[in-house]
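What follows is a single structure, written as C-alpha cells, with notes after it.
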Amino acid sequence: MAGHSKWANIQHRKGRQDAARSKLFSKLSKEITVAAKMGDPDPEKNPRLRLAVKEAKSNSVPKDVIDRAINKATGGDAENYDEIRYEGYGPAGVAVIVEAMTDNRNRTASNVRSIFSKSGGNLAETGAVSFMFDRKGLIVYPGSVADADGVLDAAIEAGAEDVESSEESHEIYTDATDLNDVSTALEASLGEAETTKLIWKPQTTTELDLDGAQKLMRLIESLEDDDDVQNVTANFDISDEVMAQL
C-alpha cells in the first residue's frame with residue numbers, strides 16, 4: 001500500500017482530518033463551485049459536479065454548504081479560478097504533484113515554491129514528474145462492505161480496471177474517463193463509497209526511512225495548509241515499522 005493510502009492512514013492517526021475539517025470543506029466547496037460554473041449546475045447532467053458533490057457528501061459536508069457552493073456558481077458572483085498543476089521533488093527525491101485552484105497565479109506559484117524550498121525539496125517544470133504517474137479514478141469502500149472476491153466481482157461487472165483489497169478497505173481503480181460510470185454502477189451493488197475521485201497513481205514508489213517520512217510529511221502538510229492547494233500526491237512508500245513510529 002503506497003502513496004495516498006499511507007498518507008490517509010498517517011492523517012487519521014494524527015487526527016489531522018478533524019483538525020482541518022473547515023479547510024477540507026472549503027477545498028471541496030471550491031471544487032463544487034468550479035465544476036458547476038464550468039458545466040451544468042445539475043449534478044445529474046454534469047459528471048464532474050456529480051463526483052465533486054459525491055466526494056463532499058462522503059466527507060460529511062452539510063447539504064446547505066453544497067447547495068450554497070452550487071448557487072454561488074450560478075449566481076454569477078463566483079471567483080474565476082485557474083486550475084494549475086505544479087510538480088517537484090521532495091526529500092529523498094520523492095516525486096510530488098500539487099494541484100491548485102487559484103485567482104492569483106503569482107501568489108500561488110510563490111507560495112508553492114517557498115514551501116518546497118523550506119521543506120528540503122525543489123519545484124520543477126510541469127511534466128518533470130507526472131510521467132511517473134497514471135491518471136486514474138479511485139473509488140474506496142470500507143473493508144466491511146463485502147469480502148475481496150465479492151468486491152472484485154462487482155468491480156469487474158461495473159467496468160473497473162483493478163482492485164486492491166485489505167482488511168481496512170477496498171480500493172477500486174478505473175480509467176479516468178470511466179470514473180463516473182463505474183462509481184454509479186457500483187452504487188447499485190455496494191452502496192455509497194467512502195471516496196470517489198480522480199487521482200495520480202504512482203507507477204513506482206520510493207521507500208522512505210523514518211527521517212525521510214517525517215520530512216515528507218512536513219512538506220505535504222505545509223502544501224495542504226495552503227488555501228489554493230486542492231490535492232497533493234507523492235510516490236512514496238513506508239514500511240509498517242516506520243508507520244508505527246510516526
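Chain labels run A, B, ... following the order of the C-alpha cells; each chain numbers its residues from 1, and ligands are numbered from 1 in the order shown.
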
### Task
DSSP on the backbone, then: every residue of segment 13-93 of chain A marked alpha helix (DSSP H), written as a ChimeraX atom specification.
/A:13-14,16-19,21-38,47-58,63-74

### Message
Would you pick out the contacts of segment 214-219 of chain A at 7 Å or less, using only C-alpha atoms, so that residues sharing its chain but fewer than 6 positions from it are not included, and give the list as JSON, numbers by chain?
### Response
{"A": [90, 91, 115, 116, 119]}

### Task
Can you list, as an NGL selection string, all residues belonging to segment 132-171 of chain A that DSSP tags as strand (DSSP E)?
:A and (133-142 or 162-165 or 169-171)

### Query
In Å to one decimal, how far is atom CA of Arg50 of chain A from atom CA of Thr102 of chain A?
21.7 Å

### Query
Could you name the residues that touch Ala128 of chain A at 9 Å or less, counting only C-alpha atoms, but leaving out those on the same chain fewer than 5 positions away, as an NGL selection string?
:A and (87-88 or 95)

Quick one: write out the picked residues with N, CA, C and O atoms as a PDB file, in the first residue's frame?
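Final file, out.pdb:
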```pdb
ATOM      1  N   GLU A  87       4.751  20.572 -10.171  1.00  0.00           N
ATOM      2  CA  GLU A  87       5.470  19.318  -9.993  1.00  0.00           C
ATOM      3  C   GLU A  87       6.851  19.589  -9.393  1.00  0.00           C
ATOM      4  O   GLU A  87       7.470  20.617  -9.689  1.00  0.00           O
ATOM      5  N   GLY A  88       7.301  18.689  -8.552  1.00  0.00           N
ATOM      6  CA  GLY A  88       8.599  18.889  -7.940  1.00  0.00           C
ATOM      7  C   GLY A  88       9.093  17.640  -7.249  1.00  0.00           C
ATOM      8  O   GLY A  88       8.511  16.556  -7.381  1.00  0.00           O
ATOM      9  N   ALA A  95       8.826  12.105  -5.886  1.00  0.00           N
ATOM     10  CA  ALA A  95       8.112  12.926  -6.856  1.00  0.00           C
ATOM     11  C   ALA A  95       6.797  13.419  -6.248  1.00  0.00           C
ATOM     12  O   ALA A  95       6.063  12.642  -5.635  1.00  0.00           O
TER      13      ALA A  95
END
```

### Query
Excluding same-chain residues fewer than 4 positions from Ser60 of chain A, what lies within 9 Å of it counting only C-alpha atoms, as number ranges by chain?
A: 25, 55-56
